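Text of the file input-v5.cif, holding mmCIF, C-alpha atoms and all ligand atoms:
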data_input
#
loop_
_atom_site.label_atom_id
_atom_site.label_comp_id
_atom_site.auth_asym_id
_atom_site.auth_seq_id
_atom_site.Cartn_x
_atom_site.Cartn_y
_atom_site.Cartn_z
CA MET A 1 -7.05 -19.38 17.43
CA THR A 2 -5.61 -17.12 20.13
CA PHE A 3 -2.03 -15.87 20.02
CA LYS A 4 -1.23 -17.80 23.21
CA ASN A 5 -1.47 -21.06 21.21
CA LEU A 6 1.08 -19.90 18.68
CA ASN A 7 4.29 -20.22 20.74
CA LEU A 8 5.05 -16.53 20.61
CA ASN A 9 7.12 -14.76 23.22
CA PRO A 10 4.93 -13.67 26.20
CA LYS A 11 6.22 -10.10 26.00
CA ILE A 12 5.07 -9.90 22.39
CA ILE A 13 1.68 -11.31 23.39
CA GLN A 14 1.46 -8.62 26.06
CA ALA A 15 2.05 -5.95 23.40
CA ILE A 16 -0.55 -7.32 21.00
CA GLU A 17 -3.11 -7.74 23.75
CA GLU A 18 -2.73 -4.05 24.44
CA MET A 19 -3.42 -3.45 20.76
CA LYS A 20 -6.68 -5.38 21.24
CA TYR A 21 -5.84 -8.20 18.86
CA GLU A 22 -8.01 -11.04 20.11
CA ILE A 23 -7.65 -13.85 17.63
CA ALA A 24 -5.10 -14.60 14.96
CA THR A 25 -6.17 -14.02 11.36
CA PRO A 26 -5.97 -16.99 8.93
CA ILE A 27 -2.59 -15.93 7.57
CA GLN A 28 -1.22 -15.50 11.08
CA GLU A 29 -2.53 -18.88 12.13
CA GLN A 30 -0.89 -20.57 9.14
CA ALA A 31 2.31 -18.59 8.69
CA ILE A 32 3.50 -18.17 12.29
CA PRO A 33 4.23 -21.90 12.98
CA GLU A 34 6.05 -22.28 9.64
CA ILE A 35 8.19 -19.20 10.20
CA LEU A 36 9.03 -20.32 13.75
CA ASN A 37 10.11 -23.67 12.25
CA GLY A 38 12.57 -21.85 10.02
CA LYS A 39 10.83 -22.65 6.73
CA ASP A 40 10.96 -20.40 3.68
CA LEU A 41 7.51 -19.15 2.88
CA CYS A 42 5.66 -17.85 -0.15
CA ALA A 43 2.35 -16.34 0.88
CA SER A 44 -0.19 -14.86 -1.44
CA ALA A 45 -1.96 -12.45 0.82
CA GLN A 46 -2.94 -8.87 0.49
CA THR A 47 -2.88 -5.91 2.80
CA GLY A 48 -5.64 -6.01 5.35
CA THR A 49 -5.24 -9.70 6.17
CA GLY A 50 -2.83 -9.11 9.04
CA LYS A 51 0.18 -10.20 6.97
CA THR A 52 2.61 -7.77 8.61
CA ALA A 53 2.02 -9.26 12.05
CA ALA A 54 2.12 -12.72 10.45
CA PHE A 55 5.82 -12.24 9.71
CA LEU A 56 6.84 -9.79 12.45
CA LEU A 57 5.54 -11.72 15.45
CA PRO A 58 7.45 -14.99 14.79
CA ILE A 59 10.55 -13.14 13.58
CA LEU A 60 10.69 -11.10 16.78
CA THR A 61 10.12 -14.25 18.84
CA LYS A 62 13.04 -15.91 17.05
CA ILE A 63 15.53 -13.11 17.43
CA ILE A 64 15.00 -12.76 21.16
CA GLN A 65 15.28 -16.52 21.64
CA LYS A 66 18.83 -16.38 20.31
CA PRO A 67 20.83 -13.23 21.07
CA LEU A 68 23.59 -12.56 18.57
CA LYS A 69 26.65 -10.34 18.93
CA GLY A 70 27.84 -8.02 16.19
CA LYS A 71 26.47 -5.27 13.99
CA GLY A 72 24.03 -5.04 11.11
CA PRO A 73 20.46 -6.21 10.60
CA ARG A 74 19.32 -9.68 11.60
CA VAL A 75 16.13 -9.17 9.65
CA LEU A 76 15.75 -7.23 6.40
CA ILE A 77 12.25 -6.28 5.29
CA LEU A 78 12.20 -4.93 1.76
CA VAL A 79 9.08 -3.00 0.78
CA PRO A 80 8.12 -1.09 -2.37
CA THR A 81 7.15 2.31 -0.96
CA ARG A 82 8.09 4.75 1.74
CA GLU A 83 4.62 4.74 3.23
CA LEU A 84 4.66 0.98 3.58
CA ALA A 85 8.18 1.15 5.07
CA MET A 86 6.97 3.54 7.74
CA GLN A 87 3.89 1.44 8.40
CA VAL A 88 5.82 -1.83 8.81
CA SER A 89 8.46 -0.15 10.94
CA LYS A 90 5.80 1.33 13.21
CA GLU A 91 4.19 -2.07 13.69
CA SER A 92 7.55 -3.65 14.44
CA THR A 93 8.23 -1.02 17.09
CA LYS A 94 4.81 -1.61 18.66
CA TYR A 95 5.18 -5.40 18.80
CA SER A 96 8.67 -5.11 20.29
CA LYS A 97 7.59 -2.54 22.88
CA TYR A 98 8.42 -4.85 25.81
CA LEU A 99 11.51 -6.42 24.28
CA GLU A 100 14.85 -5.13 25.42
CA ARG A 101 17.44 -4.11 22.87
CA ILE A 102 15.27 -4.87 19.85
CA LYS A 103 15.42 -1.83 17.65
CA THR A 104 13.90 -1.28 14.21
CA VAL A 105 15.48 1.09 11.70
CA CYS A 106 13.55 2.37 8.72
CA ILE A 107 15.23 3.78 5.61
CA TYR A 108 13.63 5.14 2.46
CA GLY A 109 14.32 7.69 -0.23
CA GLY A 110 13.18 11.28 -0.56
CA VAL A 111 14.56 12.39 2.82
CA PRO A 112 18.04 13.56 3.89
CA TYR A 113 20.70 11.00 4.79
CA PRO A 114 22.15 12.18 8.16
CA GLN A 115 19.41 10.78 10.43
CA GLN A 116 19.46 7.45 8.59
CA LYS A 117 23.27 7.31 8.87
CA ARG A 118 23.00 7.85 12.63
CA ASP A 119 20.30 5.19 12.91
CA LEU A 120 22.39 2.70 10.96
CA TYR A 121 25.45 3.41 13.10
CA ARG A 122 23.69 2.47 16.34
CA PRO A 123 22.82 -1.16 17.21
CA TYR A 124 19.61 -2.46 15.66
CA GLU A 125 18.13 -5.80 14.68
CA ILE A 126 15.41 -5.09 12.14
CA LEU A 127 15.85 -3.05 9.00
CA VAL A 128 12.84 -1.96 6.95
CA ALA A 129 13.86 -0.43 3.64
CA THR A 130 12.83 0.59 0.15
CA PRO A 131 15.21 -0.71 -2.53
CA GLY A 132 16.83 2.47 -3.91
CA ARG A 133 17.93 3.98 -0.62
CA LEU A 134 19.01 0.60 0.72
CA ILE A 135 21.36 0.20 -2.24
CA ASP A 136 22.79 3.68 -1.63
CA HIS A 137 23.62 2.75 1.97
CA LEU A 138 24.97 -0.63 0.91
CA ASN A 139 27.25 1.00 -1.66
CA SER A 140 28.57 3.37 0.99
CA GLY A 141 29.42 0.40 3.21
CA ARG A 142 27.04 1.48 5.96
CA ILE A 143 25.15 -1.81 5.98
CA LYS A 144 26.69 -5.26 6.29
CA PHE A 145 24.59 -8.38 6.04
CA SER A 146 26.96 -10.60 8.01
CA ARG A 147 24.35 -11.16 10.77
CA LEU A 148 21.37 -11.46 8.47
CA GLU A 149 19.08 -14.38 9.32
CA THR A 150 15.79 -13.48 7.66
CA PHE A 151 15.01 -11.69 4.43
CA ILE A 152 11.40 -10.62 3.89
CA LEU A 153 10.15 -9.40 0.56
CA ASP A 154 6.85 -7.65 1.16
CA GLU A 155 4.40 -6.86 -1.65
CA ALA A 156 6.65 -8.55 -4.19
CA ASP A 157 4.19 -8.03 -7.05
CA ARG A 158 4.21 -4.31 -6.45
CA MET A 159 8.02 -4.29 -6.35
CA LEU A 160 8.06 -5.80 -9.81
CA ASP A 161 5.39 -3.42 -11.09
CA MET A 162 7.56 -0.55 -9.91
CA GLY A 163 10.56 -1.86 -11.80
CA PHE A 164 12.62 -2.93 -8.79
CA ILE A 165 13.64 -6.32 -10.12
CA ASP A 166 17.31 -5.38 -10.71
CA ASP A 167 17.49 -3.75 -7.29
CA ILE A 168 16.10 -6.87 -5.66
CA ARG A 169 18.75 -8.95 -7.42
CA ARG A 170 21.52 -6.61 -6.30
CA ILE A 171 20.30 -6.72 -2.73
CA THR A 172 19.94 -10.50 -2.60
CA ASP A 173 23.41 -10.86 -4.20
CA ALA A 174 24.81 -8.88 -1.29
CA ILE A 175 23.44 -11.44 1.22
CA GLU A 176 26.01 -14.17 1.28
CA GLN A 177 25.18 -16.43 4.20
CA LYS A 178 22.31 -18.86 4.48
CA HIS A 179 19.10 -17.24 5.60
CA GLN A 180 15.35 -17.74 5.77
CA THR A 181 13.36 -16.00 3.03
CA LEU A 182 9.71 -15.01 3.28
CA LEU A 183 7.89 -13.61 0.29
CA PHE A 184 4.50 -11.93 0.47
CA SER A 185 2.58 -10.90 -2.60
CA ALA A 186 -1.06 -10.08 -3.27
CA THR A 187 -0.86 -11.89 -6.59
CA LEU A 188 1.43 -14.64 -7.80
CA LYS A 189 2.03 -13.56 -11.34
CA LYS A 190 4.82 -14.81 -13.57
CA GLY A 191 7.61 -12.49 -12.38
CA VAL A 192 6.80 -13.28 -8.76
CA LYS A 193 6.94 -17.00 -9.47
CA THR A 194 10.40 -16.57 -10.97
CA LEU A 195 11.53 -14.75 -7.84
CA VAL A 196 10.11 -17.54 -5.69
CA LYS A 197 12.01 -20.11 -7.73
CA ASP A 198 15.28 -18.19 -7.54
CA LEU A 199 15.22 -16.92 -3.97
CA LEU A 200 13.29 -19.42 -1.88
CA ASP A 201 14.40 -22.84 -0.77
CA ASN A 202 11.65 -25.45 -0.80
CA PRO A 203 9.08 -22.95 0.44
CA VAL A 204 5.78 -23.58 2.13
CA ASP A 205 3.04 -22.13 -0.08
CA LEU A 206 0.23 -20.31 1.60
CA LYS A 207 -2.70 -19.00 -0.32
CA ILE A 208 -4.95 -16.77 1.66
CA PRO A 209 -8.12 -16.37 -0.36
CA ILE A 210 -9.17 -12.88 -1.17
CA ASP A 211 -12.02 -12.47 1.21
CA LYS A 212 -13.54 -9.18 0.37
CA GLY A 213 -16.94 -10.15 1.73
CA ASN A 214 -16.75 -7.23 4.11
CA ILE A 215 -16.21 -4.84 1.19
CA GLU A 216 -19.17 -4.03 -0.98
CA GLN A 217 -18.07 -3.25 -4.51
CA ARG A 218 -20.02 -1.05 -6.92
CA ILE A 219 -19.21 0.16 -10.37
CA HIS A 220 -20.82 3.15 -12.05
CA SER A 221 -20.52 3.34 -15.78
CA VAL A 222 -19.55 6.86 -16.83
CA ARG A 223 -19.46 8.67 -20.15
CA ASN A 224 -17.02 11.49 -19.58
CA LEU A 225 -15.30 13.62 -17.04
CA ASP A 226 -18.33 15.79 -16.28
CA HIS A 227 -20.26 12.67 -15.56
CA LYS A 228 -17.57 11.45 -13.14
CA LEU A 229 -17.63 14.75 -11.31
CA GLU A 230 -21.41 14.72 -11.03
CA LEU A 231 -21.31 11.22 -9.65
CA LEU A 232 -18.58 12.05 -7.21
CA ASP A 233 -20.59 14.97 -5.96
CA LYS A 234 -23.60 12.71 -5.52
CA VAL A 235 -21.58 10.03 -3.71
CA LEU A 236 -20.07 12.58 -1.36
CA LYS A 237 -23.50 13.99 -0.57
CA GLU A 238 -25.38 10.71 -0.22
CA GLU A 239 -22.93 8.32 1.36
CA THR A 240 -22.08 8.39 5.04
CA ILE A 241 -18.36 8.70 4.64
CA LYS A 242 -16.12 8.56 7.66
CA GLN A 243 -13.00 8.84 5.57
CA ALA A 244 -12.33 8.04 1.93
CA ILE A 245 -9.45 7.65 -0.43
CA ILE A 246 -10.26 8.87 -3.93
CA PHE A 247 -7.89 7.36 -6.46
CA THR A 248 -6.91 9.19 -9.62
CA SER A 249 -4.70 7.95 -12.41
CA THR A 250 -2.24 10.86 -12.40
CA LYS A 251 -0.62 13.28 -10.01
CA ILE A 252 -2.07 16.26 -11.86
CA TYR A 253 -5.60 14.85 -11.60
CA ALA A 254 -5.06 14.31 -7.88
CA ASP A 255 -4.09 17.95 -7.41
CA GLU A 256 -6.90 19.27 -9.58
CA LEU A 257 -9.50 17.22 -7.78
CA LYS A 258 -8.12 18.29 -4.43
CA PHE A 259 -8.51 21.98 -5.38
CA LYS A 260 -12.00 21.36 -6.62
CA LEU A 261 -13.10 19.51 -3.50
CA GLN A 262 -11.47 22.08 -1.24
CA ASP A 263 -13.35 24.81 -3.13
CA GLN A 264 -16.54 22.91 -2.34
CA GLY A 265 -15.66 22.98 1.35
CA HIS A 266 -14.38 19.42 1.77
CA ARG A 267 -11.46 18.64 4.02
CA ALA A 268 -9.38 17.18 1.22
CA GLN A 269 -5.66 16.65 0.68
CA ALA A 270 -3.67 15.17 -2.17
CA LEU A 271 -1.03 12.47 -1.91
CA HIS A 272 1.23 11.54 -4.79
CA GLY A 273 4.83 10.91 -5.70
CA ASP A 274 5.69 14.52 -6.58
CA ILE A 275 4.84 15.79 -3.13
CA PRO A 276 7.97 16.07 -0.98
CA GLN A 277 8.33 13.30 1.57
CA GLY A 278 7.92 15.58 4.60
CA LYS A 279 4.59 16.85 3.32
CA ARG A 280 3.46 13.32 2.41
CA THR A 281 4.17 12.16 5.95
CA ARG A 282 2.27 15.13 7.41
CA THR A 283 -0.66 14.54 5.05
CA ILE A 284 -0.93 10.90 6.13
CA ALA A 285 -0.64 11.89 9.80
CA GLN A 286 -3.48 14.42 9.39
CA PHE A 287 -5.59 11.85 7.61
CA ARG A 288 -4.89 9.31 10.35
CA GLN A 289 -5.90 11.85 13.01
CA GLY A 290 -9.15 12.49 11.14
CA LYS A 291 -8.27 16.10 10.35
CA THR A 292 -8.66 15.32 6.65
CA GLN A 293 -11.70 13.45 5.40
CA LEU A 294 -10.81 12.88 1.78
CA LEU A 295 -7.45 11.82 0.49
CA ILE A 296 -6.99 12.16 -3.26
CA ALA A 297 -4.20 9.80 -4.13
CA THR A 298 -2.31 8.00 -6.84
CA ASP A 299 -1.47 4.32 -6.42
CA VAL A 300 2.14 4.76 -5.46
CA ALA A 301 1.45 7.08 -2.59
CA ALA A 302 -1.42 5.14 -1.12
CA ARG A 303 0.53 1.93 -0.55
CA GLY A 304 0.83 0.95 3.06
CA ILE A 305 -1.85 3.30 4.31
CA ASP A 306 -3.58 1.44 7.08
CA ILE A 307 -6.29 3.55 8.68
CA PRO A 308 -9.29 1.77 10.19
CA LYS A 309 -11.66 4.70 9.66
CA ILE A 310 -11.46 4.50 5.86
CA SER A 311 -15.06 3.63 5.06
CA HIS A 312 -14.95 4.26 1.31
CA ILE A 313 -12.61 3.79 -1.59
CA ILE A 314 -13.59 5.76 -4.65
CA ASN A 315 -11.90 4.87 -7.91
CA PHE A 316 -12.42 8.16 -9.70
CA ASP A 317 -10.16 6.58 -12.31
CA LEU A 318 -9.99 2.80 -12.32
CA PRO A 319 -6.48 1.38 -12.39
CA SER A 320 -5.38 -0.50 -15.48
CA SER A 321 -4.63 -3.70 -13.59
CA ILE A 322 -6.68 -5.89 -11.32
CA ASP A 323 -3.73 -6.08 -8.89
CA ASP A 324 -3.89 -2.36 -8.28
CA TYR A 325 -7.65 -2.61 -7.87
CA ILE A 326 -7.24 -5.25 -5.16
CA HIS A 327 -4.61 -3.22 -3.37
CA ARG A 328 -6.76 -0.13 -3.51
CA ILE A 329 -9.95 -1.64 -2.15
CA GLY A 330 -7.90 -3.36 0.56
CA ARG A 331 -7.48 0.10 2.15
CA THR A 332 -11.04 -0.18 3.42
CA GLY A 333 -12.77 -2.99 5.30
CA ARG A 334 -9.78 -3.56 7.56
CA ILE A 335 -9.99 -6.45 10.02
CA GLY A 336 -13.40 -6.33 11.71
CA GLU A 337 -14.66 -3.34 9.67
CA LYS A 338 -16.96 -2.97 6.68
CA GLY A 339 -16.13 -0.96 3.59
CA LEU A 340 -17.56 0.24 0.31
CA ALA A 341 -15.57 0.48 -2.92
CA ILE A 342 -17.12 2.65 -5.61
CA SER A 343 -15.56 2.76 -9.06
CA PHE A 344 -16.27 4.97 -12.03
CA ALA A 345 -15.73 2.97 -15.18
CA SER A 346 -15.36 4.63 -18.53
CA PRO A 347 -15.30 2.70 -21.81
CA LYS A 348 -11.53 2.22 -21.70
CA ASP A 349 -11.89 0.32 -18.41
CA ARG A 350 -13.83 -2.63 -19.77
CA ARG A 351 -10.86 -5.01 -19.48
CA VAL A 352 -10.32 -4.33 -15.79
CA VAL A 353 -14.08 -4.46 -15.12
CA PHE A 354 -14.10 -7.88 -16.71
CA ASP A 355 -11.16 -8.93 -14.49
CA ILE A 356 -12.88 -7.60 -11.39
CA GLU A 357 -15.97 -9.63 -12.19
CA LYS A 358 -13.84 -12.70 -12.83
CA LEU A 359 -11.95 -12.28 -9.60
CA THR A 360 -14.95 -11.76 -7.43
CA GLY A 361 -16.94 -14.39 -9.32
CA GLN A 362 -19.86 -12.05 -9.53
CA ARG A 363 -21.31 -9.47 -11.84
CA ILE A 364 -20.77 -6.23 -10.07
CA LEU A 365 -23.75 -3.99 -9.82
CA THR A 366 -23.19 -1.35 -12.44
CA SER A 367 -25.28 1.76 -12.43
CA ARG A 368 -25.63 4.27 -15.19
CA SER A 369 -26.68 7.78 -14.52
CA SER A 370 -28.39 10.27 -16.74
CA ASP A 371 -26.96 13.75 -17.18
CA LYS A 372 -28.77 14.66 -14.03
CA THR A 373 -27.14 11.64 -12.39
CA LYS A 374 -30.37 9.76 -11.82
CA ASP A 375 -29.19 6.24 -11.15
CA ASN A 376 -31.34 3.45 -12.43
CA PHE A 377 -29.09 0.77 -10.93
CA LYS A 378 -29.56 -1.58 -13.79
CA LYS A 379 -27.18 -4.47 -14.07
CA LYS A 380 -24.87 -3.79 -16.94
CA SER A 381 -22.14 -5.96 -18.25
CA SER A 382 -18.77 -4.64 -19.24
CA ARG A 383 -19.87 -4.77 -22.89
CA ASP A 384 -22.02 -1.73 -22.21
CA PHE A 385 -18.95 0.44 -22.06
CA SER A 386 -17.80 -0.26 -25.56
CA LYS A 387 -19.75 2.36 -27.46
CA LYS A 388 -19.18 5.18 -25.08
CA LYS A 389 -17.06 8.18 -25.94
CA ARG A 390 -13.62 8.23 -24.50
CA PHE A 391 -12.44 11.39 -22.86
CA SER A 392 -8.99 12.79 -23.12
CA ASN A 393 -6.64 13.34 -20.22
CA ASN A 394 -6.44 17.02 -20.98
CA ASP A 395 -10.14 17.46 -20.29
CA PHE A 396 -9.53 17.53 -16.61
CA THR A 397 -7.04 20.33 -16.57
CA LYS A 398 -9.12 22.38 -19.01
CA LYS A 399 -12.27 22.00 -16.95
CA PHE A 400 -10.77 23.14 -13.69
CA LYS A 401 -8.66 26.09 -14.58
CA LYS A 402 -10.08 27.87 -11.59
CA LYS A 403 -8.95 31.13 -10.11
CA ARG A 404 -6.39 30.21 -7.55
CA SER A 405 -4.17 31.97 -5.09
CA PHE A 406 -0.73 33.00 -6.26
CA LYS A 407 0.85 30.30 -4.08
CA GLU A 408 -1.26 27.55 -5.58
CA LYS A 409 -0.51 28.76 -9.10
CA LYS A 410 3.18 28.75 -8.26
CA GLU A 411 2.92 25.20 -6.91
CA ASP A 412 1.20 24.18 -10.12
CA ASN A 413 3.83 25.85 -12.25
CA ASN A 414 6.47 23.97 -10.39
CA ARG A 415 4.76 20.78 -11.40
CA SER A 416 4.52 21.62 -15.06
CA PHE A 417 6.15 19.26 -17.48
CA SER A 418 9.42 21.00 -18.09
CA LYS A 419 12.35 18.83 -19.08
CA LYS A 420 13.88 19.35 -15.68
CA ASP A 421 10.71 18.16 -14.00
CA SER A 422 10.28 15.09 -16.05
CA PHE A 423 13.80 14.10 -15.08
CA LYS A 424 12.99 14.80 -11.48
CA ASN A 425 9.80 12.75 -11.80
CA LYS A 426 11.79 9.81 -13.03
CA LYS A 427 14.15 10.14 -10.12
CA THR A 428 11.32 10.38 -7.63
CA LYS A 429 9.72 7.31 -9.13
CA ARG A 430 12.93 5.39 -8.71
CA PHE A 431 12.92 6.06 -4.99
CA ASN A 432 9.28 5.50 -4.27
P1 LIG A 501 -1.89 -5.74 7.38
O1 LIG A 501 -2.63 -6.77 6.59
O2 LIG A 501 -0.60 -6.25 7.90
O3 LIG A 501 -1.76 -4.45 6.62
O4 LIG A 501 -2.75 -5.42 8.70
C1 LIG A 501 -3.96 -4.74 8.68
C2 LIG A 501 -4.36 -4.18 10.02
O5 LIG A 501 -4.83 -5.21 10.88
C3 LIG A 501 -3.26 -3.50 10.82
O6 LIG A 501 -3.81 -2.30 11.36
C4 LIG A 501 -2.95 -4.41 11.97
O7 LIG A 501 -2.55 -3.69 13.12
C5 LIG A 501 -4.28 -5.10 12.18
N1 LIG A 501 -4.18 -6.48 12.69
C6 LIG A 501 -3.24 -7.39 12.37
N2 LIG A 501 -3.51 -8.56 12.98
C7 LIG A 501 -4.65 -8.39 13.69
C8 LIG A 501 -5.44 -9.25 14.53
N3 LIG A 501 -5.11 -10.51 14.73
N4 LIG A 501 -6.55 -8.72 15.09
C9 LIG A 501 -6.90 -7.43 14.86
N5 LIG A 501 -6.21 -6.57 14.10
C10 LIG A 501 -5.08 -7.05 13.50
#
I'd like the structure from this file rewritten - as structure tokens, please.
Ligand code: AMP
Amino acid sequence: MTFKNLNLNPKIIQAIEEMKYEIATPIQEQAIPEILNGKDLCASAQTGTGKTAAFLLPILTKIIQKPLKGKGPRVLILVPTRELAMQVSKESTKYSKYLERIKTVCIYGGVPYPQQKRDLYRPYEILVATPGRLIDHLNSGRIKFSRLETFILDEADRMLDMGFIDDIRRITDAIEQKHQTLLFSATLKKGVKTLVKDLLDNPVDLKIPIDKGNIEQRIHSVRNLDHKLELLDKVLKEETIKQAIIFTSTKIYADELKFKLQDQGHRAQALHGDIPQGKRTRTIAQFRQGKTQLLIATDVAARGIDIPKISHIINFDLPSSIDDYIHRIGRTGRIGEKGLAISFASPKDRRVVFDIEKLTGQRILTSRSSDKTKDNFKKKSSRDFSKKKRFSNNDFTKKFKKKRSFKEKKEDNNRSFSKKDSFKNKKTKRFN
């Protein structure tokens, strides 16, 4: 279906035509008419399906149909991470390019307040926010919801995973008047269902099947850290990688792997929650511009990254939950593109491997490599992992105590687990 058949404002259609969107994706086709009709909506859809446009296009159409005097947001989009906030806000600005007086403001933690205060003081219609910073501004009386017409909860499952449930409740309690609520979530687990029951009024349910047909998924069974590194080396040499995100389970691993890959001559950068926001934004910008080829990231930091050139996702460490796995692989194979997701599974990962196989309805090709990383590409079930030796988290740091420049050592020291740091980590987490 083309966008012209979806009753959207012609100026919005003009903007999306310039962005070369030709046909609406399934979620857009199904959600746009319901949102225009004013229905509450609960959509299970993941990143990469076009879900952001699915809510932004009808919401923009609605707010320009009916101008409204006064101050404060008419639409609130609550997202779990800063990166996603920036991404959604950027899309909103692009779609409203030809609309007069439709301004989007984006607020998130980890950056100074003055610019956000100025943005909130000026007239705007759409507010994209992460929970912690939104509550700070609400408490200071800088945001009033008296004009609010639509509340959108994006990536609700991730919000819950990140412990934002109380914040969500506080925010929704602050919205007094009747409004339309749209909830998007990759998975509809128990906590999300409770939110749906409490916040949505007779919602339309949309289930967009996980179509990862354009993403080839492979799992390599690994014995230990050395084995992972050998395999990574092999993958980086043998695969034609335009750009890749390599996921690690911790911030320290991400840094260590970055140093190692940089030493090998790769254009690699790390992205995780301990990196100051300014640097995170620059790192993503450089990755987007193609200046960096490999991004070594933790889950939190990689949310919302939407870069068409990402050809590979490498799970150096598999996540512990299938939800995170889905979100991760969704970074590749964006609309109209193909992608390859390669995961290294150690014995402790057998649960998630089982879940992946269940989700995709297929046994994933699992290869095992010898010490010399000769793949025999035999099909192996998750049971094969059970007898393998588990490696400890400390192995990584021990292995890569390389000679580094003074500056790098200092950066590392700053990240060491002093009491002060662990407090700071907690705080950072809260504002992610
Ligand atoms: P999302 O699922 O919202 O993260 O969107 C994924 C990517 O698809 C974004 O880069 C969008 O700009 C792009 N996109 C959204 N809708 C369409 C469409 N109908 N045709 C082509 N690209 C789209």
May I have a table of the residues of region 77-156 of chain A lying at most 9 Å from region 47-68 of chain A, giving each one's closest pair of atoms and their distance in Å to one decimal, counting all atoms listed in the file, ordered by chain and ascending residue number, as CSV?
residue,atom,partner,partner_atom,distance
A:Val88,CA,A:Thr52,CA,6.8
A:Glu91,CA,A:Ala53,CA,7.7
A:Ser92,CA,A:Leu56,CA,6.5
A:Tyr95,CA,A:Leu57,CA,7.2
A:Ser96,CA,A:Leu60,CA,7.2
A:Leu99,CA,A:Ile64,CA,7.9
A:Glu100,CA,A:Ile64,CA,8.7
A:Ile102,CA,A:Ile64,CA,8.0
A:Glu125,CA,A:Ile63,CA,8.2
A:Ile126,CA,A:Leu60,CA,8.9
A:Arg147,CA,A:Leu68,CA,8.0
A:Glu149,CA,A:Ile63,CA,8.9
A:Thr150,CA,A:Ile59,CA,7.9
A:Ile152,CA,A:Phe55,CA,8.2
A:Asp154,CA,A:Thr52,CA,8.6
A:Glu155,CA,A:Thr47,CA,8.6
*For the atom pair CA of Gly265 (chain A) and CA of Lys291 (chain A), what is the interatomic distance in Å to one decimal place?*
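Computed distance, CA of Gly265 (chain A) to CA of Lys291 (chain A), equals 13.5 Å.
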Please identify every residue of chain A that has at least one atom no farther than 9 Å from an atom of ligand LIG 501 (chain A), counting only C-alpha atoms and all ligand atoms, and for each give the shortest atom pair and the distance in Å to one decimal, arranged by chain then increasing number, as JSON lines.
{"residue": "A:Thr2", "atom": "CA", "partner": "A:LIG501", "partner_atom": "N3", "distance": 8.5}
{"residue": "A:Phe3", "atom": "CA", "partner": "A:LIG501", "partner_atom": "N3", "distance": 8.1}
{"residue": "A:Ile16", "atom": "CA", "partner": "A:LIG501", "partner_atom": "C8", "distance": 8.3}
{"residue": "A:Met19", "atom": "CA", "partner": "A:LIG501", "partner_atom": "O7", "distance": 7.7}
{"residue": "A:Lys20", "atom": "CA", "partner": "A:LIG501", "partner_atom": "C9", "distance": 6.7}
{"residue": "A:Tyr21", "atom": "CA", "partner": "A:LIG501", "partner_atom": "N4", "distance": 3.9}
{"residue": "A:Glu22", "atom": "CA", "partner": "A:LIG501", "partner_atom": "N4", "distance": 5.7}
{"residue": "A:Ile23", "atom": "CA", "partner": "A:LIG501", "partner_atom": "N3", "distance": 5.1}
{"residue": "A:Ala24", "atom": "CA", "partner": "A:LIG501", "partner_atom": "N3", "distance": 4.1}
{"residue": "A:Thr25", "atom": "CA", "partner": "A:LIG501", "partner_atom": "N3", "distance": 5.0}
{"residue": "A:Pro26", "atom": "CA", "partner": "A:LIG501", "partner_atom": "N3", "distance": 8.7}
{"residue": "A:Gln28", "atom": "CA", "partner": "A:LIG501", "partner_atom": "N3", "distance": 7.3}
{"residue": "A:Ala45", "atom": "CA", "partner": "A:LIG501", "partner_atom": "O1", "distance": 8.1}
{"residue": "A:Gln46", "atom": "CA", "partner": "A:LIG501", "partner_atom": "O1", "distance": 6.5}
{"residue": "A:Thr47", "atom": "CA", "partner": "A:LIG501", "partner_atom": "O1", "distance": 3.9}
{"residue": "A:Gly48", "atom": "CA", "partner": "A:LIG501", "partner_atom": "O1", "distance": 3.3}
{"residue": "A:Thr49", "atom": "CA", "partner": "A:LIG501", "partner_atom": "O1", "distance": 3.9}
{"residue": "A:Gly50", "atom": "CA", "partner": "A:LIG501", "partner_atom": "O1", "distance": 3.4}
{"residue": "A:Lys51", "atom": "CA", "partner": "A:LIG501", "partner_atom": "O2", "distance": 4.1}
{"residue": "A:Thr52", "atom": "CA", "partner": "A:LIG501", "partner_atom": "O2", "distance": 3.6}
{"residue": "A:Ala53", "atom": "CA", "partner": "A:LIG501", "partner_atom": "C6", "distance": 5.6}
{"residue": "A:Ala54", "atom": "CA", "partner": "A:LIG501", "partner_atom": "N2", "distance": 7.4}
{"residue": "A:Phe55", "atom": "CA", "partner": "A:LIG501", "partner_atom": "O2", "distance": 9.0}
{"residue": "A:Leu84", "atom": "CA", "partner": "A:LIG501", "partner_atom": "O3", "distance": 8.9}
{"residue": "A:Gln87", "atom": "CA", "partner": "A:LIG501", "partner_atom": "O3", "distance": 8.4}
{"residue": "A:Val88", "atom": "CA", "partner": "A:LIG501", "partner_atom": "O2", "distance": 7.8}
{"residue": "A:Glu91", "atom": "CA", "partner": "A:LIG501", "partner_atom": "O7", "distance": 7.0}
{"residue": "A:Gly304", "atom": "CA", "partner": "A:LIG501", "partner_atom": "O3", "distance": 7.0}
{"residue": "A:Ile305", "atom": "CA", "partner": "A:LIG501", "partner_atom": "O3", "distance": 8.1}
{"residue": "A:Asp306", "atom": "CA", "partner": "A:LIG501", "partner_atom": "O6", "distance": 5.7}
{"residue": "A:Ile307", "atom": "CA", "partner": "A:LIG501", "partner_atom": "O6", "distance": 6.9}
{"residue": "A:Pro308", "atom": "CA", "partner": "A:LIG501", "partner_atom": "O6", "distance": 6.9}
{"residue": "A:Gly330", "atom": "CA", "partner": "A:LIG501", "partner_atom": "O3", "distance": 8.7}
{"residue": "A:Arg331", "atom": "CA", "partner": "A:LIG501", "partner_atom": "O3", "distance": 8.6}
{"residue": "A:Arg334", "atom": "CA", "partner": "A:LIG501", "partner_atom": "C2", "distance": 6.0}
{"residue": "A:Ile335", "atom": "CA", "partner": "A:LIG501", "partner_atom": "O5", "distance": 5.4}
{"residue": "A:Gly336", "atom": "CA", "partner": "A:LIG501", "partner_atom": "C9", "distance": 7.3}
